Amino acid sequence: KQEVTQIPAALSVPEGENLVLNCSFTDSAIYNLQWFRQDPGKGLTSLLLIQSSQREQTSGRLNASLDKSSGRSTLYIAASQPGDSATYLCAVRPGSASKIIFGSGTRLSIRP
Amino acid sequence: DTEVTQTPKHLVMGMTNKKSLKCEQHMGHRAMYWYKQKAKKPPELMFVYSYEKLSINESVPSRFSPECPNSSLLNLHLHALQPEDSALYLCASSQDPGGITEAFFGQGTRLTVV
């Protein structure tokens, strides 16, 4: 059974810092991995999608990497801003079913 | 347009009521999903529809009844819910039910059962 873990559960950093969020999954047989952002009480906003054949994807200040063999992904946020404060969720598509399985999320707070 | 629209945004219902949640997408996606999210927890899968047919039911109680009347619309019918069913209900869609394409989520319906 695929399990997705995110560390740390919460992170607070001062504005301007670069930071890394971690995601690990137990079964490397995945189609893709997707990073989402969720503001309190809101839906999920897709940030980046990495296919299983890709190593990384970039969008603006965000860079996501994928090491499928070791079951790990990282989300790098450059020059963090208070508006980046949110919960960040990673999710994998297992190869065996049409599911999206989420990690528990990292609650990020950027201090002005 | 990458929008998944959910209505209503908020819903308060009694335990004897019948209500429905609605989800709509016009991206031509052929897979649609219902997720339930409790506070400070990740979303949990409830149902998956693939080409308008129910393909996955994650052992959800029968008081939740999904329906996919056409390729753009997904409903979740609610009946005799319990207070512990209060949560954020999220709808999502993706182009390919096989899992290689990006998933898009709606803003959710905040459900309170009293």
# chains A, B, ... in the order shown; residues from 1 in each chain; ligands from 1
>>> residues_around(residues="A:Gly105", least_positions_apart="3", cutoff="10 Å", atoms="only C-alpha atoms", output="list in words")
Val4, Thr5, Gln6, Ile7, Pro8, Ala9, Ala10, Leu21, Asn22, Cys23, Trp35, Phe36, Arg37, Gln38, Ala86, Thr87, Tyr88, Leu89, Cys90, Ala91, Phe102 and Leu108 of chain A; Lys40, Lys41, Pro42 and Pro43 of chain B
>>> residues_around(residues="stretch 17-30 of chain B", least_positions_apart="6", cutoff="6 Å", atoms="only C-alpha atoms", output="list of chain:residue names")
B:Val4, B:Thr5, B:Gln6, B:Thr7, B:Ser50, B:Tyr51, B:Ser72, B:Leu73, B:Leu74, B:Asn75, B:Leu76, B:His77, B:Leu78, B:His79, B:Ser94, B:Gln95
>>> write_last_selection(atoms="all heavy atoms", output="short mmCIF file (atom, residue, chain, number, x, y, z; two decimals), in the first residue's frame")
data_model
loop_
_atom_site.label_atom_id
_atom_site.label_comp_id
_atom_site.auth_asym_id
_atom_site.auth_seq_id
_atom_site.Cartn_x
_atom_site.Cartn_y
_atom_site.Cartn_z
N VAL B 4 -12.44 24.04 -11.84
CA VAL B 4 -13.43 23.10 -11.35
C VAL B 4 -14.31 23.89 -10.38
O VAL B 4 -13.80 24.46 -9.42
CB VAL B 4 -12.77 21.91 -10.63
CG1 VAL B 4 -13.83 21.00 -10.03
CG2 VAL B 4 -11.86 21.14 -11.59
N THR B 5 -15.60 23.93 -10.66
CA THR B 5 -16.51 24.76 -9.88
C THR B 5 -17.38 23.90 -8.99
O THR B 5 -18.03 22.96 -9.46
CB THR B 5 -17.41 25.58 -10.84
OG1 THR B 5 -16.60 26.36 -11.71
CG2 THR B 5 -18.30 26.52 -10.03
N GLN B 6 -17.38 24.23 -7.71
CA GLN B 6 -18.20 23.49 -6.75
C GLN B 6 -19.25 24.41 -6.14
O GLN B 6 -18.97 25.56 -5.79
CB GLN B 6 -17.34 22.92 -5.62
CG GLN B 6 -16.42 21.80 -6.07
CD GLN B 6 -15.72 21.16 -4.90
OE1 GLN B 6 -14.50 21.17 -4.80
NE2 GLN B 6 -16.50 20.55 -4.01
N THR B 7 -20.44 23.89 -6.02
CA THR B 7 -21.52 24.62 -5.35
C THR B 7 -22.29 23.68 -4.43
O THR B 7 -22.40 22.47 -4.72
CB THR B 7 -22.50 25.23 -6.38
OG1 THR B 7 -22.98 24.19 -7.26
CG2 THR B 7 -21.85 26.33 -7.17
N SER B 50 -14.74 7.30 -13.91
CA SER B 50 -13.94 7.22 -15.11
C SER B 50 -14.88 7.05 -16.29
O SER B 50 -15.63 6.05 -16.33
CB SER B 50 -12.96 6.05 -15.01
OG SER B 50 -12.26 5.87 -16.20
N TYR B 51 -14.86 7.99 -17.22
CA TYR B 51 -15.79 7.97 -18.35
C TYR B 51 -17.23 7.79 -17.88
O TYR B 51 -17.98 6.96 -18.40
CB TYR B 51 -15.40 6.87 -19.35
CG TYR B 51 -14.07 7.11 -20.02
CD1 TYR B 51 -12.91 6.51 -19.56
CD2 TYR B 51 -13.97 7.98 -21.12
CE1 TYR B 51 -11.69 6.76 -20.16
CE2 TYR B 51 -12.76 8.23 -21.73
CZ TYR B 51 -11.61 7.61 -21.24
OH TYR B 51 -10.40 7.85 -21.84
N SER B 72 -19.37 16.36 -17.73
CA SER B 72 -18.96 17.63 -17.13
C SER B 72 -19.42 17.80 -15.69
O SER B 72 -18.98 18.72 -15.02
CB SER B 72 -19.53 18.81 -17.94
OG SER B 72 -19.06 18.79 -19.26
N LEU B 73 -20.29 16.94 -15.25
CA LEU B 73 -20.99 17.17 -13.99
C LEU B 73 -20.84 15.98 -13.05
O LEU B 73 -20.95 14.82 -13.47
CB LEU B 73 -22.47 17.42 -14.29
CG LEU B 73 -23.36 17.91 -13.16
CD1 LEU B 73 -22.83 19.20 -12.55
CD2 LEU B 73 -24.77 18.12 -13.68
N LEU B 74 -20.61 16.28 -11.79
CA LEU B 74 -20.50 15.26 -10.75
C LEU B 74 -21.28 15.74 -9.54
O LEU B 74 -21.11 16.88 -9.11
CB LEU B 74 -19.03 15.03 -10.38
CG LEU B 74 -18.73 13.92 -9.38
CD1 LEU B 74 -19.04 12.55 -9.98
CD2 LEU B 74 -17.25 13.97 -8.96
N ASN B 75 -22.15 14.89 -9.03
CA ASN B 75 -22.94 15.24 -7.85
C ASN B 75 -22.59 14.30 -6.70
O ASN B 75 -22.15 13.17 -6.91
CB ASN B 75 -24.44 15.11 -8.15
CG ASN B 75 -24.90 16.06 -9.23
OD1 ASN B 75 -24.48 17.23 -9.28
ND2 ASN B 75 -25.78 15.59 -10.11
N LEU B 76 -22.82 14.79 -5.50
CA LEU B 76 -22.71 13.95 -4.32
C LEU B 76 -23.98 14.18 -3.50
O LEU B 76 -24.20 15.26 -2.96
CB LEU B 76 -21.47 14.29 -3.50
CG LEU B 76 -21.19 13.39 -2.30
CD1 LEU B 76 -20.93 11.94 -2.76
CD2 LEU B 76 -19.99 13.89 -1.49
N HIS B 77 -24.82 13.14 -3.45
CA HIS B 77 -26.09 13.22 -2.74
C HIS B 77 -25.88 12.78 -1.29
O HIS B 77 -25.23 11.76 -1.04
CB HIS B 77 -27.15 12.36 -3.43
CG HIS B 77 -27.37 12.73 -4.87
ND1 HIS B 77 -27.84 13.97 -5.26
CD2 HIS B 77 -27.16 12.03 -6.02
CE1 HIS B 77 -27.93 14.01 -6.57
NE2 HIS B 77 -27.52 12.85 -7.06
N LEU B 78 -26.43 13.58 -0.39
CA LEU B 78 -26.21 13.38 1.03
C LEU B 78 -27.54 13.09 1.73
O LEU B 78 -28.54 13.79 1.49
CB LEU B 78 -25.58 14.64 1.64
CG LEU B 78 -24.41 15.24 0.88
CD1 LEU B 78 -24.01 16.58 1.51
CD2 LEU B 78 -23.24 14.29 0.84
N HIS B 79 -27.55 12.10 2.58
CA HIS B 79 -28.80 11.73 3.28
C HIS B 79 -28.48 11.11 4.62
O HIS B 79 -27.63 10.22 4.70
CB HIS B 79 -29.61 10.77 2.42
CG HIS B 79 -30.81 10.21 3.13
ND1 HIS B 79 -31.80 11.02 3.65
CD2 HIS B 79 -31.18 8.94 3.42
CE1 HIS B 79 -32.73 10.27 4.22
NE2 HIS B 79 -32.38 9.00 4.09
N SER B 94 -9.37 15.14 -13.87
CA SER B 94 -8.15 15.02 -14.67
C SER B 94 -8.53 14.48 -16.03
O SER B 94 -9.54 13.78 -16.18
CB SER B 94 -7.11 14.12 -13.99
OG SER B 94 -7.60 12.80 -13.87
N GLN B 95 -7.69 14.79 -17.01
CA GLN B 95 -8.03 14.43 -18.37
C GLN B 95 -8.05 12.92 -18.57
O GLN B 95 -8.91 12.38 -19.24
CB GLN B 95 -7.03 15.06 -19.34
CG GLN B 95 -7.35 14.81 -20.80
CD GLN B 95 -6.43 15.60 -21.71
OE1 GLN B 95 -5.42 16.15 -21.28
NE2 GLN B 95 -6.76 15.65 -22.98
#
>>> closest_atom_pairs(of="chain A", to="chain B", cutoff="7 Å", atoms="only C-alpha atoms", output="Markdown table")
| residue | atom | partner | partner_atom | distance |
| --- | --- | --- | --- | --- |
| A:Tyr31 | CA | B:Ile100 | CA | 5.6 |
| A:Asn32 | CA | B:Ile100 | CA | 6.3 |
| A:Lys42 | CA | B:Gln107 | CA | 5.5 |
| A:Gly43 | CA | B:Gln107 | CA | 3.8 |
| A:Leu44 | CA | B:Phe105 | CA | 5.6 |
| A:Thr45 | CA | B:Phe105 | CA | 6.8 |
| A:Ser46 | CA | B:Phe104 | CA | 6.6 |
| A:Leu49 | CA | B:Glu102 | CA | 6.4 |
| A:Arg93 | CA | B:Gly99 | CA | 6.1 |
| A:Ser98 | CA | B:Gly99 | CA | 5.6 |
| A:Phe102 | CA | B:Pro42 | CA | 6.2 |
| A:Gly103 | CA | B:Pro42 | CA | 6.5 |
| A:Ser104 | CA | B:Pro42 | CA | 5.1 |
| A:Gly105 | CA | B:Pro42 | CA | 6.7 |
